[in-house]
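Raw data-v3.txt, compact mmCIF, C-alpha atoms:
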# COMPACT_ATOMS: atom_id res chain seq x y z
CA MET W 282 3.64 -13.07 -29.99
CA LYS W 283 6.96 -12.55 -28.24
CA SER W 284 7.01 -8.91 -29.25
CA TYR W 285 3.48 -8.43 -27.91
CA PHE W 286 4.32 -9.79 -24.46
CA LEU W 287 7.58 -7.87 -24.45
CA ARG W 288 5.63 -4.65 -25.07
CA ARG W 289 3.17 -5.57 -22.32
CA LEU W 290 6.00 -6.13 -19.87
CA LEU W 291 7.66 -2.86 -20.86
CA LEU W 292 4.39 -1.02 -20.22
CA ILE W 293 4.29 -2.19 -16.60
CA PRO W 294 6.87 0.30 -15.19
CA PRO W 295 5.29 3.47 -16.68
CA THR W 296 1.80 2.27 -15.70
CA LEU W 297 2.99 1.60 -12.17
CA VAL W 298 4.63 5.03 -12.02
CA GLY W 299 1.37 6.66 -13.15
CA ILE W 300 -0.68 4.82 -10.51
CA THR W 301 1.68 5.56 -7.64
CA LEU W 302 2.23 9.19 -8.68
CA LEU W 303 -1.52 9.81 -8.76
CA VAL W 304 -2.08 8.32 -5.30
CA PHE W 305 1.02 10.04 -3.88
CA THR W 306 -0.27 13.39 -5.12
CA ILE W 307 -3.70 12.76 -3.61
CA THR W 308 -2.19 11.90 -0.22
CA ARG W 309 -0.34 15.24 -0.21
CA PHE W 310 -3.50 17.33 -0.61
CA VAL W 311 -6.24 15.43 1.21
CA PRO W 312 -7.05 16.77 4.69
CA GLY W 313 -5.88 14.88 7.73
CA GLY W 314 -2.32 14.28 6.53
CA PRO W 315 0.67 13.57 8.79
CA MET W 316 1.18 17.24 9.67
CA ASP W 317 -2.48 17.71 10.57
CA ARG W 318 -2.47 14.55 12.69
CA MET W 319 0.69 15.58 14.56
CA LEU W 320 -0.72 19.06 15.16
CA GLN W 321 -3.95 17.59 16.54
CA GLU W 322 -2.03 15.29 18.89
CA ALA W 323 0.14 18.20 20.04
CA ALA W 324 -2.95 20.35 20.57
CA ARG W 325 -4.58 17.65 22.71
CA GLY W 326 -1.39 17.31 24.75
CA ALA W 327 -1.18 21.06 25.24
CA ASP W 328 -4.82 21.30 26.31
CA GLN W 329 -4.44 18.44 28.77
CA GLY W 330 -1.35 20.06 30.24
CA GLY W 331 -3.07 23.45 30.51
CA LYS W 332 -0.64 25.10 28.12
CA ARG W 333 -1.18 27.74 25.50
CA SER W 334 0.68 28.40 22.29
CA SER W 335 3.23 31.18 22.63
CA THR W 336 4.72 33.37 19.96
CA THR W 337 7.48 30.82 19.43
CA GLN W 338 5.01 28.05 18.78
CA GLY W 339 3.05 27.13 15.70
CA GLY W 340 -0.43 25.72 15.59
CA GLY W 341 -1.36 22.98 18.00
CA GLY W 342 1.30 23.80 20.61
CA MET W 343 4.24 22.77 18.42
CA SER W 344 7.26 24.99 17.98
CA GLU W 345 8.26 26.07 14.53
CA GLU W 346 11.40 23.95 14.74
CA GLN W 347 9.30 20.86 15.46
CA MET W 348 7.00 21.59 12.55
CA GLU W 349 9.97 21.98 10.23
CA GLU W 350 11.36 18.65 11.43
CA LEU W 351 8.05 16.96 10.60
CA GLU W 352 8.03 18.54 7.15
CA GLU W 353 11.56 17.34 6.48
CA GLN W 354 10.85 13.84 7.84
CA TYR W 355 7.88 13.30 5.53
CA GLY W 356 9.20 15.31 2.59
CA LEU W 357 6.45 17.91 2.88
CA ASN W 358 8.93 20.74 2.43
CA LYS W 359 9.63 19.60 -1.12
CA PRO W 360 7.44 19.94 -4.24
CA VAL W 361 5.22 16.93 -4.95
CA LEU W 362 7.27 15.70 -7.89
CA VAL W 363 10.57 15.97 -6.00
CA ALA W 364 9.10 14.21 -2.94
CA TYR W 365 7.72 11.44 -5.17
CA CYS W 366 11.10 10.95 -6.85
CA GLN W 367 12.68 10.70 -3.40
CA TRP W 368 10.14 8.04 -2.42
CA LEU W 369 10.82 6.28 -5.71
CA GLY W 370 14.55 6.33 -5.04
CA ILE W 371 15.85 8.30 -8.00
CA VAL W 372 16.46 11.61 -6.20
CA PRO W 373 18.54 11.77 -3.00
CA ARG W 374 16.85 12.89 0.17
CA GLU W 375 18.36 15.05 2.88
CA VAL W 376 19.18 13.33 6.18
CA TRP W 377 20.73 14.42 9.49
CA ILE W 378 19.61 18.00 8.85
CA SER W 379 21.30 20.42 11.28
CA LYS W 380 20.69 24.17 11.51
CA ALA W 381 22.07 27.28 13.17
CA GLU W 382 21.39 30.98 12.72
CA PHE W 383 23.92 33.71 12.01
CA THR W 384 23.44 35.62 15.28
CA ASP W 385 25.68 37.45 17.73
CA ARG W 386 26.78 34.92 20.35
CA GLY W 387 30.07 36.46 21.33
CA GLN W 388 32.07 33.60 19.81
CA GLU W 389 35.42 33.96 18.09
CA THR W 390 36.07 32.83 14.58
CA ILE W 391 38.84 30.43 13.65
CA GLY W 392 41.07 33.28 12.65
CA GLY W 393 40.86 34.75 16.13
CA GLY W 394 38.73 37.82 15.29
CA LYS W 395 35.04 38.31 16.03
CA ASP W 396 32.59 38.33 13.16
CA SER W 397 29.49 36.83 14.76
CA GLU W 398 27.03 38.15 12.17
CA ASN W 399 28.83 36.18 9.47
CA THR W 400 29.57 33.07 11.55
CA ALA W 401 27.28 30.25 12.66
CA ASP W 402 28.19 27.28 14.86
CA VAL W 403 26.22 24.16 13.95
CA VAL W 404 26.07 20.99 16.05
CA LEU W 405 25.69 18.05 13.71
CA ARG W 406 22.69 15.85 14.39
CA GLY W 407 23.58 12.22 14.93
CA ASP W 408 27.24 13.17 15.15
CA GLY W 409 27.61 15.70 17.96
CA ARG W 410 30.57 17.50 16.43
CA ALA W 411 30.56 21.25 16.00
CA VAL W 412 30.94 22.94 12.63
CA ARG W 413 31.75 26.60 12.05
CA VAL W 414 30.17 28.11 8.96
CA LYS W 415 31.28 31.47 7.55
CA ARG W 416 29.44 33.51 4.97
CA ASP W 417 30.16 36.44 2.72
CA GLY W 418 26.85 38.11 1.96
CA ASP W 419 24.46 35.36 0.87
CA THR W 420 27.25 32.94 0.01
CA VAL W 421 28.82 30.34 2.28
CA VAL W 422 32.58 30.65 1.99
CA SER W 423 33.66 27.92 4.40
CA ALA W 424 32.31 25.16 6.63
CA VAL W 425 34.88 23.35 8.79
CA PHE W 426 34.89 21.21 11.89
CA THR W 427 35.66 23.41 14.90
CA GLU W 428 38.14 21.00 16.50
CA THR W 429 40.16 19.94 13.45
CA GLY W 430 39.54 22.65 10.86
CA LYS W 431 38.74 19.94 8.33
CA PRO W 432 36.21 20.92 5.61
CA VAL W 433 32.90 19.18 6.15
CA ASP W 434 32.48 18.25 2.48
CA GLN W 435 35.32 15.75 2.84
CA GLU W 436 32.99 13.65 5.02
CA GLY W 437 29.95 13.97 2.77
CA TRP W 438 28.26 16.93 4.45
CA LYS W 439 26.68 19.65 2.36
CA VAL W 440 25.84 23.24 3.30
CA ARG W 441 22.84 25.33 2.30
CA TYR W 442 22.27 29.01 3.09
CA GLU W 443 18.71 30.06 3.88
CA THR W 444 17.91 33.75 3.65
CA ASN W 445 15.15 35.67 5.40
CA ALA W 446 13.08 35.47 2.19
CA ASP W 447 13.55 31.69 1.97
CA ARG W 448 12.32 31.17 5.52
CA LYS W 449 9.38 33.51 5.00
CA ALA W 450 8.33 31.62 1.87
CA ARG W 451 8.48 28.34 3.77
CA PHE W 452 6.35 29.81 6.56
CA MET W 453 3.70 30.96 4.09
CA ARG W 454 3.57 27.54 2.42
CA ARG W 455 3.04 25.96 5.82
CA ASN W 456 0.48 28.58 6.90
CA PRO W 457 -1.46 29.62 3.78
CA GLY W 458 -4.08 31.42 5.88
CA GLU W 459 -1.60 33.90 7.34
CA GLU W 460 -1.41 37.38 5.84
CA SER W 461 2.28 37.94 6.58
CA ALA W 462 5.30 36.05 7.85
CA PRO W 463 7.57 37.08 10.74
CA ASP W 464 11.08 38.30 10.15
CA TYR W 465 13.81 35.68 10.32
CA VAL W 466 17.56 35.59 10.71
CA PRO W 467 19.52 33.89 7.94
CA ARG W 468 20.82 30.46 8.89
CA ALA W 469 23.13 27.70 7.73
CA VAL W 470 21.75 24.22 7.09
CA LEU W 471 24.05 21.20 7.00
CA TYR W 472 22.88 17.82 5.77
CA GLN W 473 23.89 14.62 4.07
CA THR W 474 22.19 13.05 1.09
CA ARG W 475 21.11 9.46 0.71
CA VAL W 476 19.30 7.68 -2.10
CA SER W 477 16.83 5.33 -0.47
CA GLY W 478 13.45 4.49 -1.94
CA LEU W 479 11.36 1.93 -3.75
CA LEU W 480 14.04 1.06 -6.30
CA GLU W 481 16.44 0.30 -3.45
CA GLY W 482 13.86 -1.91 -1.73
CA ASN W 483 13.05 0.63 0.97
CA LEU W 484 9.34 1.36 1.43
CA GLY W 485 9.95 3.60 4.42
CA ARG W 486 8.57 3.41 7.95
CA SER W 487 5.03 3.63 9.18
CA MET W 488 4.11 7.06 10.51
CA VAL W 489 1.89 5.48 13.17
CA TYR W 490 3.83 2.43 14.35
CA ASN W 491 7.35 3.40 13.19
CA ASP W 492 7.84 -0.14 11.85
CA PRO W 493 9.40 -0.82 8.44
CA VAL W 494 6.60 -1.02 5.89
CA HIS W 495 7.96 -4.13 4.19
CA GLU W 496 7.95 -5.99 7.50
CA MET W 497 4.34 -5.01 8.14
CA ILE W 498 3.35 -6.24 4.68
CA LEU W 499 5.27 -9.52 4.96
CA ALA W 500 3.61 -10.17 8.32
CA ARG W 501 0.15 -9.94 6.71
CA MET W 502 0.91 -11.92 3.54
CA PRO W 503 0.56 -15.43 5.09
CA ILE W 504 -3.03 -14.64 6.12
CA ALA W 505 -3.85 -13.23 2.68
CA LEU W 506 -2.28 -16.26 1.02
CA TYR W 507 -4.11 -18.66 3.33
CA PHE W 508 -7.56 -17.27 2.64
CA GLY W 509 -6.75 -16.59 -1.02
CA LEU W 510 -5.72 -20.18 -1.75
CA LEU W 511 -8.67 -21.64 0.13
CA THR W 512 -11.14 -19.30 -1.55
CA ALA W 513 -9.75 -19.90 -5.04
CA PHE W 514 -9.57 -23.68 -4.65
CA LEU W 515 -13.06 -24.10 -3.20
CA THR W 516 -14.60 -21.60 -5.63
CA TYR W 517 -13.28 -23.37 -8.71
CA ALA W 518 -13.95 -26.81 -7.19
CA VAL W 519 -17.61 -25.92 -6.66
CA CYS W 520 -18.41 -23.52 -9.50
CA LEU W 521 -17.02 -25.49 -12.45
CA PRO W 522 -18.97 -28.73 -11.73
CA LEU W 523 -22.03 -26.70 -10.75
CA GLY W 524 -21.87 -24.72 -13.99
CA VAL W 525 -21.64 -27.93 -16.03
CA LEU W 526 -24.57 -29.41 -14.11
CA LYS W 527 -26.70 -26.32 -14.67
CA ALA W 528 -25.92 -26.34 -18.39
CA LEU W 529 -26.88 -30.02 -18.73
CA LYS W 530 -29.99 -29.55 -16.54
CA HIS W 531 -31.09 -26.27 -18.09
CA ARG W 532 -34.61 -25.16 -17.12
CA THR W 533 -35.03 -27.93 -14.59
CA PHE W 534 -35.63 -27.67 -10.85
CA ILE W 535 -31.90 -28.13 -10.14
CA ASP W 536 -31.04 -25.23 -12.44
CA SER W 537 -33.66 -22.92 -10.92
CA ALA W 538 -32.90 -23.83 -7.31
CA THR W 539 -29.14 -23.37 -7.63
CA SER W 540 -29.66 -20.06 -9.45
CA VAL W 541 -31.75 -18.78 -6.54
CA LEU W 542 -29.09 -19.84 -4.04
CA ILE W 543 -26.08 -18.40 -5.83
CA PHE W 544 -27.76 -15.08 -6.64
CA PHE W 545 -29.06 -14.83 -3.10
CA GLY W 546 -25.48 -15.22 -1.89
CA TYR W 547 -24.25 -12.74 -4.50
CA SER W 548 -26.71 -10.12 -3.27
CA ILE W 549 -25.53 -10.30 0.35
CA PRO W 550 -22.36 -8.30 1.17
CA GLY W 551 -19.74 -10.48 2.79
CA PHE W 552 -19.28 -8.21 5.80
CA ALA W 553 -23.07 -8.10 6.44
CA LEU W 554 -23.26 -11.88 6.27
CA GLY W 555 -20.29 -12.04 8.65
CA ALA W 556 -22.08 -9.89 11.21
CA ILE W 557 -25.19 -12.09 10.99
CA LEU W 558 -23.18 -15.29 11.35
CA LEU W 559 -21.27 -13.89 14.33
CA VAL W 560 -24.44 -12.91 16.14
CA HIS W 561 -26.35 -16.16 15.56
CA LEU W 562 -23.71 -18.88 15.20
CA GLY W 563 -21.09 -17.26 17.40
CA ALA W 564 -22.66 -15.20 20.18
CA ARG W 565 -26.03 -16.95 20.60
CA MET W 566 -25.26 -20.58 19.79
CA GLY W 567 -21.55 -20.54 20.62
CA TRP W 568 -20.64 -22.83 17.73
CA PHE W 569 -17.81 -20.62 16.41
CA PRO W 570 -15.35 -18.11 17.93
CA LEU W 571 -16.21 -14.44 17.69
CA PHE W 572 -12.91 -12.95 16.55
CA GLY W 573 -9.36 -13.67 15.49
CA LEU W 574 -7.79 -16.47 13.49
CA THR W 575 -6.44 -18.47 16.44
CA SER W 576 -7.23 -18.97 20.12
CA PRO W 577 -5.16 -17.33 22.88
CA ASP W 578 -3.71 -20.74 23.84
CA PHE W 579 -2.84 -21.65 20.25
CA ASP W 580 0.90 -21.99 20.91
CA SER W 581 0.34 -24.52 23.70
CA LEU W 582 -1.66 -26.91 21.49
CA ASP W 583 -0.23 -29.90 19.65
CA ASN W 584 -0.22 -30.04 15.84
CA ALA W 585 -3.62 -31.69 15.59
CA GLY W 586 -5.07 -29.21 18.06
CA LYS W 587 -3.58 -26.27 16.15
CA LEU W 588 -5.06 -27.53 12.87
CA LYS W 589 -8.47 -27.98 14.45
CA ASP W 590 -8.35 -24.56 16.11
CA LEU W 591 -7.33 -22.87 12.86
CA ALA W 592 -10.10 -24.63 10.92
CA HIS W 593 -12.62 -23.67 13.62
CA HIS W 594 -11.71 -19.99 13.26
CA THR W 595 -11.61 -20.20 9.45
CA VAL W 596 -15.14 -21.42 8.72
CA LEU W 597 -17.11 -18.19 9.11
CA PRO W 598 -14.62 -15.81 7.40
CA LEU W 599 -14.19 -18.29 4.54
CA ILE W 600 -17.95 -18.44 3.96
CA CYS W 601 -18.04 -14.66 3.76
CA TYR W 602 -15.13 -14.59 1.30
CA MET W 603 -16.72 -17.19 -0.96
CA VAL W 604 -20.41 -16.28 -0.90
CA GLY W 605 -20.13 -13.52 -3.47
CA SER W 606 -17.78 -15.33 -5.87
CA PHE W 607 -20.02 -18.25 -6.82
CA ALA W 608 -22.48 -16.47 -9.08
CA MET W 609 -20.15 -15.03 -11.73
CA LEU W 610 -17.97 -18.10 -12.23
CA THR W 611 -20.91 -20.54 -12.15
CA MET W 612 -23.00 -18.59 -14.65
CA MET W 613 -20.00 -17.99 -16.91
CA THR W 614 -19.29 -21.72 -17.00
CA LYS W 615 -22.94 -22.55 -17.69
CA ASN W 616 -23.44 -19.97 -20.44
CA ASN W 617 -20.18 -20.76 -22.22
CA LEU W 618 -20.90 -24.48 -22.13
CA MET W 619 -24.43 -24.00 -23.47
CA ASP W 620 -23.12 -21.87 -26.33
CA ASN W 621 -20.59 -24.53 -27.26
CA LEU W 622 -23.12 -27.37 -26.97
CA ALA W 623 -25.24 -25.59 -29.55
CA ALA W 624 -22.29 -25.06 -31.90
CA ASP W 625 -22.02 -26.89 -35.22
CA TYR W 626 -18.84 -28.76 -34.34
CA VAL W 627 -20.55 -30.48 -31.39
CA ARG W 628 -23.52 -31.55 -33.50
CA THR W 629 -21.09 -32.82 -36.12
CA ALA W 630 -19.19 -34.84 -33.52
CA VAL W 631 -22.44 -36.41 -32.26
CA ALA W 632 -23.57 -37.13 -35.82
CA LYS W 633 -20.30 -38.97 -36.48
CA GLY W 634 -20.94 -41.29 -33.56
CA ALA W 635 -19.24 -39.53 -30.65
CA GLY W 636 -20.92 -40.20 -27.33
CA PHE W 637 -22.66 -37.45 -25.46
CA ARG W 638 -20.10 -37.52 -22.65
CA LYS W 639 -17.22 -37.19 -25.10
CA ALA W 640 -18.98 -34.41 -26.98
CA VAL W 641 -19.49 -32.48 -23.76
CA PHE W 642 -16.19 -33.02 -21.98
CA GLY W 643 -13.95 -33.78 -24.95
CA HIS W 644 -15.03 -30.89 -27.15
CA ALA W 645 -17.45 -28.33 -25.64
CA PHE W 646 -16.05 -28.15 -22.10
CA ARG W 647 -12.50 -27.37 -23.20
CA ASN W 648 -13.57 -24.48 -25.39
CA SER W 649 -15.89 -23.25 -22.63
CA MET W 650 -12.88 -22.80 -20.35
CA ILE W 651 -11.23 -20.23 -22.61
CA PRO W 652 -13.11 -17.19 -21.22
CA ILE W 653 -12.61 -18.50 -17.67
CA ALA W 654 -8.87 -18.78 -18.29
CA THR W 655 -8.72 -14.99 -18.62
CA SER W 656 -9.28 -14.68 -14.87
CA LEU W 657 -6.61 -17.19 -13.82
CA GLY W 658 -3.87 -14.59 -14.01
CA ASP W 659 -5.57 -12.58 -11.28
CA LEU W 660 -4.78 -15.38 -8.84
CA VAL W 661 -1.34 -13.84 -8.29
CA THR W 662 -3.06 -11.07 -6.34
CA ILE W 663 -3.98 -13.53 -3.58
CA PHE W 664 -0.65 -12.59 -1.94
CA VAL W 665 -2.13 -9.18 -1.16
CA GLY W 666 -5.81 -10.10 -1.26
CA GLY W 667 -8.36 -9.74 1.46
CA SER W 668 -11.49 -7.83 2.34
CA MET W 669 -10.97 -4.98 4.75
CA LEU W 670 -14.61 -5.15 5.86
CA ILE W 671 -14.66 -8.90 6.46
CA GLU W 672 -11.33 -8.73 8.29
CA THR W 673 -12.66 -5.85 10.38
CA VAL W 674 -15.78 -7.82 11.33
CA PHE W 675 -13.78 -10.89 12.38
CA ASP W 676 -10.77 -8.93 13.70
CA ILE W 677 -8.34 -10.77 11.42
CA GLN W 678 -5.00 -9.01 10.96
CA GLY W 679 -4.88 -9.48 7.21
CA PHE W 680 -3.75 -7.40 4.27
CA GLY W 681 -7.17 -5.82 3.70
CA LEU W 682 -7.36 -4.56 7.28
CA LEU W 683 -3.82 -3.16 6.97
CA GLN W 684 -4.86 -1.14 3.91
CA TYR W 685 -8.01 0.08 5.63
CA GLN W 686 -6.18 1.16 8.78
CA SER W 687 -3.48 2.94 6.79
CA VAL W 688 -6.10 5.00 4.92
CA ILE W 689 -8.02 5.86 8.09
CA GLU W 690 -4.83 6.88 9.91
CA ARG W 691 -3.35 8.65 6.83
CA ASP W 692 -0.26 6.44 7.09
CA VAL W 693 1.20 7.46 3.73
CA PRO W 694 4.22 5.06 3.61
CA VAL W 695 1.94 2.08 4.29
CA ILE W 696 -0.61 3.31 1.75
CA MET W 697 2.07 3.65 -0.91
CA GLY W 698 3.72 0.34 -0.04
CA THR W 699 0.54 -1.74 -0.15
CA LEU W 700 -0.67 0.05 -3.28
CA THR W 701 2.61 -0.50 -5.11
CA ILE W 702 2.70 -4.25 -4.43
CA ALA W 703 -1.01 -4.73 -5.20
CA ALA W 704 -0.81 -2.73 -8.44
CA PHE W 705 2.33 -4.56 -9.58
CA LEU W 706 0.76 -7.98 -8.99
CA MET W 707 -2.41 -6.87 -10.78
CA LEU W 708 -0.46 -5.77 -13.87
CA ILE W 709 1.55 -9.00 -13.86
CA GLY W 710 -1.71 -10.95 -13.53
CA HIS W 711 -3.13 -9.32 -16.64
CA VAL W 712 -0.09 -10.35 -18.65
CA ILE W 713 -0.33 -13.90 -17.29
CA SER W 714 -4.02 -14.03 -18.25
CA ASP W 715 -3.19 -13.11 -21.84
CA PHE W 716 -0.48 -15.76 -21.92
CA ILE W 717 -2.86 -18.44 -20.60
CA VAL W 718 -5.50 -17.52 -23.19
CA ALA W 719 -2.91 -17.78 -25.95
CA MET W 720 -1.86 -21.21 -24.68
CA VAL W 721 -5.35 -22.73 -24.42
CA ASP W 722 -6.78 -21.18 -27.59
CA PRO W 723 -4.53 -21.65 -30.65
CA ARG W 724 -6.81 -19.39 -32.69
CA ILE W 725 -5.66 -16.34 -30.73
CA LYS W 726 -2.51 -14.73 -32.05
CA PHE W 727 -1.19 -11.65 -30.28
CA GLU W 728 0.72 -9.43 -32.65
For this file, write the structure as structure tokens.
Amino acid sequence: MKSYFLRRLLLIPPTLVGITLLVFTITRFVPGGPMDRMLQEAARGADQGGKRSSTTQGGGGMSEEQMEELEEQYGLNKPVLVAYCQWLGIVPREVWISKAEFTDRGQETIGGGKDSENTADVVLRGDGRAVRVKRDGDTVVSAVFTETGKPVDQEGWKVRYETNADRKARFMRRNPGEESAPDYVPRAVLYQTRVSGLLEGNLGRSMVYNDPVHEMILARMPIALYFGLLTAFLTYAVCLPLGVLKALKHRTFIDSATSVLIFFGYSIPGFALGAILLVHLGARMGWFPLFGLTSPDFDSLDNAGKLKDLAHHTVLPLICYMVGSFAMLTMMTKNNLMDNLAADYVRTAVAKGAGFRKAVFGHAFRNSMIPIATSLGDLVTIFVGGSMLIETVFDIQGFGLLQYQSVIERDVPVIMGTLTIAAFLMLIGHVISDFIVAMVDPRIKFE
């Protein structure tokens, strides 16, 4: 059994890589990505200011330099696999990228002579120092600080030479609809490399809010955990006794009435029920608040007042979370218990003098819990649980709403961060479920 669980744990990293790589690839090719959004915002700004794109500007009123900066910021100038490895943290990414063209500016070289076509002066971004780069053909022969003459590679800077063909190819990748690219002047590109990604604990920054992704996720986790624990506790507290009661009262009025109720709740989407409850119990009757998880004056209340206010805001969203989860667990408990009550070992126990209560709860009920135990491992996902639709209806800033907003706004770092954590917890939950089943059912041997 140890070898089985060891194999399951070893399968988690490649499975997680496959999931994240697939979603990362999709985000690169779906319309409305970060470049498209920035271009639309720039176009709106240009239209409002009465400006038109000139020959030095790309689409949407952005200059070509600005578009290149956006590509470099989001890794769109790299192939998908390279960009994914940079996000993962196994391939270094380029930072502090600084550029200058080899053009005639009337400047003298370090040796005192003029060779402007083979010399470029680069001002380092984030540093401010000047660097003089000299080339020989398509090869960079030196790159030194102008003031000290010290080679830049001694301080971790690297130099790349971009030819006219390189810049044309980049233009055509950025503008696939264009028939031809303009002519460019070769340029020197200086940059530093830094390994920073998922494996280093860095999920990046939000493209929309510019906040660290891990901080945005941690801020939503308490709400997800709050509703997840309440939903799980109340669901099991209600469904297990109700399932036992339905099994013992099979084909009676209690069984039929509860079946109608739970399947009626199962058929109603949680967000639709939330809208109905808000209209009738919130807006018309005024019994419950219309939005949020706390009142505006929550911080000024005492502890008892805070608890009451939180409970008051929790009732309606909690009903919507729970209404669809009753049917499956209740009917699973009932059907499993009925199967075990009809088994030979229960009849044998009754024939040997065991009481009905002991036969039900001492023998049949325990074995009926084995299939239900398979879902206990999924409880670890309550840290990132939540319904984006229910949270949207009630305006609760939970994990589900964060995922929904990130998809709508094409916020790729947030999409990847939330997906990675949710997928990891799901895979861990499956392993935990297998372990629980092996613990409660000695007949199961994983090999």
Is it possible to get the residues within 8 Å of (-25.1, -17.0, -5.1) (coordinates as in the file, counting all atoms listed in the file) written as a ChimeraX atom specification?
/W:539-548,604-608
Distance in Å - CA of Pro522 (chain W) versus CA of Ala592 (chain W)
24.7 Å
Surrounding residues of Met488 (chain W) excluding itself and chain neighbours under 3 positions, 8 Å, all atoms listed in the file, as a ChimeraX atom specification
/W:315,491,692-694
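Distance annotation: of W:Lys359, W:Arg441, W:Ala630, W:Leu484, the residue with the minimal separation from Leu700 (chain W) is W:Leu484; atom set is all atoms listed in the file.
Here CA of Lys589 (chain W) is placed at a distance of 16.3 Å from CA of Gly567 (chain W).
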Two-atom distance - CA of Leu287 (chain W), CA of Asp715 (chain W) (Å)
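Those two atoms sit 12.3 Å apart.
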